[in-house]
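Chemist: For reference, this is my_file-v5.tsv, and it has TSV, C-alpha atoms.
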chain	number	residue	atom	x	y	z
I	1	MET	CA	0.00	0.00	0.00
I	2	LYS	CA	1.17	3.53	-0.75
I	3	LEU	CA	-0.13	6.71	0.84
I	4	THR	CA	0.64	10.04	-0.84
I	5	PHE	CA	0.05	13.32	0.97
I	6	LEU	CA	-1.54	15.57	-1.65
I	7	GLY	CA	-1.93	18.38	0.89
I	8	THR	CA	-1.04	18.83	4.56
I	9	GLY	CA	-2.16	22.37	5.32
I	10	THR	CA	-4.90	23.95	7.38
I	11	SER	CA	-7.99	25.60	5.87
I	12	THR	CA	-6.12	28.73	4.74
I	13	GLY	CA	-3.21	26.80	3.27
I	14	VAL	CA	0.41	27.70	3.94
I	15	PRO	CA	1.65	30.27	3.09
I	16	SER	CA	-1.39	32.15	4.31
I	17	ILE	CA	-2.55	35.19	2.36
I	18	ALA	CA	-0.91	38.44	3.52
I	19	CYS	CA	1.25	36.69	6.14
I	20	GLU	CA	5.00	37.26	6.40
I	21	CYS	CA	5.80	34.92	9.29
I	22	GLY	CA	8.87	32.70	9.10
I	23	THR	CA	6.93	29.71	7.79
I	24	CYS	CA	4.98	31.65	5.18
I	25	ILE	CA	8.12	33.18	3.68
I	26	SER	CA	10.16	29.98	4.05
I	27	GLU	CA	11.84	28.61	0.93
I	28	ASP	CA	11.69	25.05	2.26
I	29	PRO	CA	9.17	23.21	0.03
I	30	ARG	CA	8.01	21.25	3.08
I	31	ASP	CA	6.58	24.51	4.42
I	32	LYS	CA	4.32	24.93	1.36
I	33	ARG	CA	1.06	23.23	2.30
I	34	LEU	CA	-2.02	22.80	0.14
I	35	ARG	CA	-5.31	21.93	1.82
I	36	VAL	CA	-5.42	18.42	3.29
I	37	SER	CA	-6.01	15.36	1.18
I	38	ILE	CA	-4.42	11.96	0.68
I	39	LEU	CA	-4.29	9.35	-2.06
I	40	ILE	CA	-4.26	5.65	-1.16
I	41	GLU	CA	-3.00	3.20	-3.80
I	42	HIS	CA	-3.17	-0.55	-3.31
I	43	ASP	CA	-3.35	-3.51	-5.67
I	44	GLY	CA	-4.33	-1.35	-8.64
I	45	GLN	CA	-6.94	0.65	-6.72
I	46	SER	CA	-6.69	4.44	-6.19
I	47	VAL	CA	-8.76	6.06	-3.45
I	48	LEU	CA	-8.89	9.79	-2.72
I	49	VAL	CA	-9.79	11.10	0.73
I	50	ASP	CA	-11.43	14.54	0.43
I	51	THR	CA	-11.70	16.71	-2.65
I	52	SER	CA	-9.88	19.66	-1.15
I	53	SER	CA	-10.11	23.25	-2.37
I	54	ASP	CA	-6.78	22.57	-4.11
I	55	PHE	CA	-7.76	19.26	-5.74
I	56	ARG	CA	-7.17	20.37	-9.33
I	57	GLN	CA	-3.69	21.64	-8.48
I	58	GLN	CA	-2.93	18.47	-6.53
I	59	ALA	CA	-4.12	16.18	-9.32
I	60	LEU	CA	-1.98	17.99	-11.88
I	61	ARG	CA	1.05	18.13	-9.59
I	62	TYR	CA	1.04	14.41	-8.89
I	63	GLY	CA	-0.12	13.21	-12.32
I	64	LEU	CA	-3.39	11.69	-11.16
I	65	LYS	CA	-4.88	9.66	-14.02
I	66	HIS	CA	-7.80	7.80	-12.47
I	67	LEU	CA	-9.68	7.18	-9.25
I	68	ASP	CA	-11.75	4.23	-8.11
I	69	ALA	CA	-13.49	6.02	-5.23
I	70	VAL	CA	-13.64	9.25	-3.25
I	71	LEU	CA	-14.10	9.22	0.52
I	72	ILE	CA	-15.25	12.33	2.38
I	73	THR	CA	-14.36	13.02	6.01
I	74	HIS	CA	-16.75	15.98	6.40
I	75	CYS	CA	-18.08	18.95	4.47
I	76	HIS	CA	-16.01	21.93	5.58
I	77	ALA	CA	-14.98	24.02	2.58
I	78	ASP	CA	-11.31	23.01	2.54
I	79	HIS	CA	-12.28	19.33	2.33
I	80	ILE	CA	-15.10	19.35	-0.22
I	81	PHE	CA	-14.98	22.39	-2.51
I	82	GLY	CA	-12.82	20.64	-5.12
I	83	LEU	CA	-15.54	18.09	-5.92
I	84	ASP	CA	-16.43	19.76	-9.23
I	85	ASP	CA	-12.90	19.05	-10.47
I	86	ILE	CA	-13.47	15.30	-10.65
I	87	ARG	CA	-15.23	15.96	-13.99
I	88	PRO	CA	-12.19	15.27	-16.23
I	89	LEU	CA	-11.86	11.87	-14.54
I	90	ASN	CA	-15.56	11.24	-15.18
I	91	PHE	CA	-15.10	12.12	-18.84
I	92	ARG	CA	-12.49	9.37	-19.15
I	93	HIS	CA	-13.68	6.73	-16.71
I	94	GLY	CA	-17.34	7.38	-15.87
I	95	ALA	CA	-19.04	7.94	-12.54
I	96	LEU	CA	-17.13	7.66	-9.27
I	97	GLY	CA	-18.32	6.19	-6.00
I	98	LEU	CA	-18.58	8.97	-3.41
I	99	TYR	CA	-18.59	7.79	0.21
I	100	ALA	CA	-19.63	9.96	3.18
I	101	ASN	CA	-21.65	9.71	6.37
I	102	GLU	CA	-25.31	10.70	6.47
I	103	ARG	CA	-24.59	14.13	8.01
I	104	ALA	CA	-22.07	14.96	5.30
I	105	TRP	CA	-24.51	13.90	2.58
I	106	ILE	CA	-26.96	16.57	3.75
I	107	ASP	CA	-24.32	19.21	3.09
I	108	ILE	CA	-23.04	17.63	-0.14
I	109	ARG	CA	-26.55	17.69	-1.63
I	110	ARG	CA	-27.04	21.30	-0.49
I	111	ILE	CA	-23.67	22.67	-1.61
I	112	PHE	CA	-23.69	20.78	-4.91
I	113	LYS	CA	-27.42	20.92	-5.59
I	114	TYR	CA	-26.69	21.42	-9.29
I	115	ILE	CA	-25.22	17.89	-9.45
I	116	PHE	CA	-28.25	16.14	-7.97
I	117	GLU	CA	-30.99	18.48	-9.27
I	118	PRO	CA	-29.63	19.73	-12.59
I	119	SER	CA	-31.54	22.69	-14.00
I	120	HIS	CA	-29.46	23.77	-16.99
I	121	PHE	CA	-28.37	22.52	-20.38
I	122	GLY	CA	-24.76	22.34	-21.52
I	123	GLY	CA	-21.56	21.85	-19.60
I	124	GLY	CA	-20.40	18.81	-17.73
I	125	LEU	CA	-21.51	17.82	-14.26
I	126	PRO	CA	-19.60	15.67	-11.80
I	127	GLN	CA	-20.87	12.11	-11.97
I	128	VAL	CA	-21.03	10.42	-8.58
I	129	ILE	CA	-22.57	7.25	-7.19
I	130	PRO	CA	-23.65	8.04	-3.60
I	131	HIS	CA	-22.76	5.69	-0.75
I	132	ILE	CA	-23.52	6.29	2.94
I	133	VAL	CA	-20.90	5.03	5.37
I	134	GLU	CA	-21.49	4.03	8.98
I	135	PRO	CA	-18.87	3.97	11.77
I	136	GLY	CA	-17.41	0.50	12.08
I	137	ALA	CA	-19.16	-0.84	8.96
I	138	SER	CA	-16.24	-2.01	6.83
I	139	PHE	CA	-16.42	-2.40	3.07
I	140	CYS	CA	-14.08	-3.55	0.30
I	141	LEU	CA	-13.28	-1.99	-3.05
I	142	ASN	CA	-11.46	-5.20	-3.87
I	143	LYS	CA	-10.64	-8.31	-1.86
I	144	ASP	CA	-7.32	-6.88	-0.61
I	145	LEU	CA	-8.39	-3.37	0.48
I	146	LEU	CA	-10.62	-3.26	3.55
I	147	ILE	CA	-11.90	0.22	4.40
I	148	THR	CA	-13.35	0.88	7.85
I	149	PRO	CA	-15.04	4.24	8.59
I	150	LEU	CA	-14.32	5.43	12.12
I	151	GLU	CA	-16.03	8.27	13.96
I	152	VAL	CA	-14.05	11.12	15.52
I	153	ILE	CA	-15.28	14.44	16.87
I	154	HIS	CA	-14.39	17.83	15.34
I	155	GLY	CA	-15.57	20.29	18.00
I	156	ARG	CA	-19.16	19.01	18.09
I	157	LEU	CA	-19.29	17.62	14.55
I	158	PRO	CA	-19.00	13.85	13.97
I	159	VAL	CA	-16.34	13.36	11.30
I	160	MET	CA	-15.22	10.22	9.49
I	161	ALA	CA	-11.71	8.89	9.87
I	162	TYR	CA	-10.83	5.90	7.70
I	163	ARG	CA	-8.76	2.78	8.26
I	164	PHE	CA	-7.27	1.09	5.19
I	165	ASN	CA	-6.00	-2.34	6.22
I	166	ASP	CA	-3.27	-1.28	8.72
I	167	PHE	CA	-3.11	2.40	7.69
I	168	ALA	CA	-5.46	4.98	9.24
I	169	TYR	CA	-6.22	8.62	8.41
I	170	ALA	CA	-7.84	10.92	10.98
I	171	THR	CA	-7.91	14.63	10.25
I	172	ASP	CA	-9.95	17.53	11.65
I	173	LEU	CA	-10.69	16.30	15.13
I	174	SER	CA	-10.55	17.33	18.75
I	175	GLU	CA	-11.51	13.99	20.29
I	176	ILE	CA	-11.13	10.31	19.46
I	177	PRO	CA	-13.83	8.23	21.16
I	178	THR	CA	-12.70	5.15	23.07
I	179	GLU	CA	-14.38	2.79	20.59
I	180	THR	CA	-12.45	4.36	17.72
I	181	ILE	CA	-9.17	4.11	19.63
I	182	GLU	CA	-9.82	0.39	20.03
I	183	ARG	CA	-10.50	0.03	16.29
I	184	MET	CA	-7.15	1.72	15.58
I	185	ARG	CA	-5.10	-0.90	17.40
I	186	GLY	CA	-2.40	-2.68	15.42
I	187	LEU	CA	-1.71	0.10	12.93
I	188	ASP	CA	1.44	0.31	10.89
I	189	VAL	CA	0.73	3.95	9.95
I	190	LEU	CA	-1.47	6.56	11.64
I	191	VAL	CA	-1.99	9.96	10.03
I	192	LEU	CA	-3.34	12.34	12.65
I	193	ASP	CA	-4.61	15.91	12.85
I	194	CYS	CA	-2.20	18.36	14.53
I	195	LEU	CA	-2.89	22.01	13.86
I	196	ARG	CA	-0.30	23.79	16.00
I	197	PHE	CA	1.43	23.89	19.39
I	198	LYS	CA	-1.21	25.89	21.30
I	199	GLU	CA	-4.54	24.41	22.35
I	200	HIS	CA	-7.43	24.68	19.90
I	201	PRO	CA	-11.17	24.06	20.43
I	202	THR	CA	-11.80	21.95	17.32
I	203	HIS	CA	-8.40	20.51	16.35
I	204	LEU	CA	-5.66	18.54	18.05
I	205	TRP	CA	-2.54	20.42	19.06
I	206	LEU	CA	0.87	18.79	19.46
I	207	ASP	CA	0.66	17.62	23.09
I	208	LYS	CA	-2.86	16.23	22.61
I	209	ALA	CA	-1.94	14.52	19.34
I	210	LEU	CA	1.04	12.86	21.01
I	211	GLU	CA	-1.22	11.66	23.85
I	212	TYR	CA	-3.44	9.88	21.35
I	213	ILE	CA	-0.47	8.42	19.52
I	214	GLU	CA	0.79	7.01	22.81
I	215	LYS	CA	-2.63	5.39	23.42
I	216	ILE	CA	-2.99	3.95	19.92
I	217	LYS	CA	0.68	2.93	19.55
I	218	PRO	CA	1.04	2.81	15.76
I	219	ARG	CA	4.41	1.76	14.39
I	220	ARG	CA	4.69	5.10	12.57
I	221	ALA	CA	2.72	8.35	12.89
I	222	TYR	CA	2.50	11.42	10.65
I	223	LEU	CA	0.96	14.75	11.65
I	224	THR	CA	-1.14	16.71	9.16
I	225	HIS	CA	-3.57	19.67	8.81
I	226	ILE	CA	-0.68	21.88	9.88
I	227	ALA	CA	-0.93	25.65	10.34
I	228	HIS	CA	1.83	28.18	9.75
I	229	ASP	CA	2.83	28.01	13.41
I	230	VAL	CA	4.91	24.96	12.45
I	231	MET	CA	8.15	25.23	10.49
I	232	HIS	CA	9.16	21.80	9.25
I	233	GLU	CA	12.93	21.77	9.76
I	234	ARG	CA	12.92	23.84	12.95
I	235	ASP	CA	10.15	21.86	14.64
I	236	SER	CA	10.98	18.30	13.61
I	237	ALA	CA	13.32	18.05	16.61
I	238	LYS	CA	10.29	18.50	18.90
I	239	LEU	CA	8.81	15.16	17.86
I	240	PRO	CA	9.55	11.79	19.46
I	241	SER	CA	10.95	8.85	17.54
I	242	GLY	CA	8.45	7.37	15.12
I	243	VAL	CA	6.46	10.61	14.71
I	244	GLU	CA	6.98	13.04	11.82
I	245	TRP	CA	5.41	16.15	10.37
I	246	ALA	CA	3.88	15.21	7.03
I	247	TYR	CA	4.52	17.40	4.00
I	248	ASP	CA	3.03	17.73	0.54
I	249	GLY	CA	4.31	15.02	-1.78
I	250	LEU	CA	5.48	12.69	0.99
I	251	GLU	CA	4.94	9.05	0.06
I	252	VAL	CA	4.61	6.37	2.74
I	253	GLU	CA	4.66	2.69	1.84
I	254	GLY	CA	3.87	-0.34	3.89
Once you've parsed the file, please lay out its structure as structure tokens.

Modeler:
Amino acid sequence: MKLTFLGTGTSTGVPSIACECGTCISEDPRDKRLRVSILIEHDGQSVLVDTSSDFRQQALRYGLKHLDAVLITHCHADHIFGLDDIRPLNFRHGALGLYANERAWIDIRRIFKYIFEPSHFGGGLPQVIPHIVEPGASFCLNKDLLITPLEVIHGRLPVMAYRFNDFAYATDLSEIPTETIERMRGLDVLVLDCLRFKEHPTHLWLDKALEYIEKIKPRRAYLTHIAHDVMHERDSAKLPSGVEWAYDGLEVEG
């Protein structure tokens, strides 16, 4: 299995507009962060998690040619607003399965009403096949890729994390319920939300993220959804062994 970080930034991206902090003016490419998204590739299958605001740029940057499915964690703008840009993939390969929880589907149908209730002629529309996911209800895209939706809490909003065999991806969260922690046991790779160093009401910060990593005990952990408070080279020394800041373009295999 291969995981590619298409974006590792917070909702504003890094650099942030009009900011001249050390991270935003850094020339280190690891400090340039598009909005969060990952690509999972396994046994010929390609699965995208979240159509971020930067999806078109990400797809062009990494040479994305096809997808077998799109999974949605939740419907905040930075995670969903790139959905329209799946159209070129539809033109070549047809409709894509779109997986989200019931709460997210309410927002998807509202935000993208024109997809589900078309009212115009001309122009292409994204073609999606809706699927509702439930926490703990695993499904397979093929016999070798088991996907398990897992519920985490983003402030007060239930958000989907996803486990892919022994990889797991959990972004935009402030709490991991005990049941989800138990379902994350035995991971090779955990990708976990970590916005900054200071506390935050709807995201994990470094100390809290490390607490969860210690409870879950993955073999490797990568921190994502990173704000401009974090400078990659400077702040890598603050992480314990086995934990790294993710960066755009990082590939993790297992």

Chemist: My list of candidates is I:Ala209, I:Gly94, I:Thr51, I:Cys75. Which is closest to Gly7 of chain I when distances are computed with only C-alpha atoms?

Modeler: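 Of I:Ala209, I:Gly94, I:Thr51, I:Cys75, the one nearest Gly7 of chain I is I:Thr51, counting only C-alpha atoms.
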
Chemist: Could you list, with a cut-off of 8 Å and counting only C-alpha atoms, the residues of segment 22-94 of chain I near segment 152-167 of chain I, each shown with its nearest atom pair and the distance in Å rounded to one decimal, rows sorted by chain and ascending number, as a tab-separated table?

Modeler:
residue	atom	partner	partner_atom	distance
I:Ile72	CA	I:Met160	CA	7.4
I:Thr73	CA	I:Met160	CA	4.5
I:His74	CA	I:Val159	CA	5.6

Chemist: Residues of the last selection are to be written out with C-alpha atoms, as a PDB file, keeping the file's coordinate frame.

Modeler:
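In the end it all went to part-v5.pdb:
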ATOM      1  CA  ILE I  72     -15.250  12.330   2.380  1.00  0.00           C
ATOM      2  CA  THR I  73     -14.360  13.020   6.010  1.00  0.00           C
ATOM      3  CA  HIS I  74     -16.750  15.980   6.400  1.00  0.00           C
TER       4      HIS I  74
END

Chemist: So, counting all atoms listed in the file, which residue among I:Glu182, I:Glu102, I:Glu211, I:Asp172 is closest to Cys194 of chain I?

Modeler: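 Result for the nearest residue to Cys194 of chain I: I:Asp172.
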
Chemist: With all atoms listed in the file as the counted atoms, please give the residues lying no more than 6 Å from His79 of chain I, apart from itself and same-chain residues fewer than 3 positions off, as a list in words.

Modeler: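 Surrounding residues, per the criterion: Asp50, Thr51, Ser52 and His76 of chain I.
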
Chemist: Residues near Asp54 of chain I, anyone? I mean within 8 Å using all atoms listed in the file, not counting same-chain ones fewer than 4 positions away, as a list in words.

Modeler: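 The residues satisfying every condition are Leu34, Arg35, Gln58 and Gly82 of chain I.
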
Chemist: Could you write those residues out with C-alpha atoms, as a PDB file, in the coordinates of the input?

Modeler:
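The file below, out_31.pdb, is the result:
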ATOM      1  CA  LEU I  34      -2.020  22.800   0.140  1.00  0.00           C
ATOM      2  CA  ARG I  35      -5.310  21.930   1.820  1.00  0.00           C
ATOM      3  CA  GLN I  58      -2.930  18.470  -6.530  1.00  0.00           C
ATOM      4  CA  GLY I  82     -12.820  20.640  -5.120  1.00  0.00           C
TER       5      GLY I  82
END

Chemist: Could you tell me how far atom CA of Arg33 of chain I lies from atom CA of Arg103 of chain I, in Å and to one decimal?

Modeler: 27.8 Å

Chemist: Which residue out of I:Asn142, I:Ser174, I:Thr8, I:Thr224 has the minimum interatomic distance to Pro201 of chain I when only C-alpha atoms are used?

Modeler: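 Among I:Asn142, I:Ser174, I:Thr8, I:Thr224, it is I:Ser174 that comes nearest to Pro201 of chain I.
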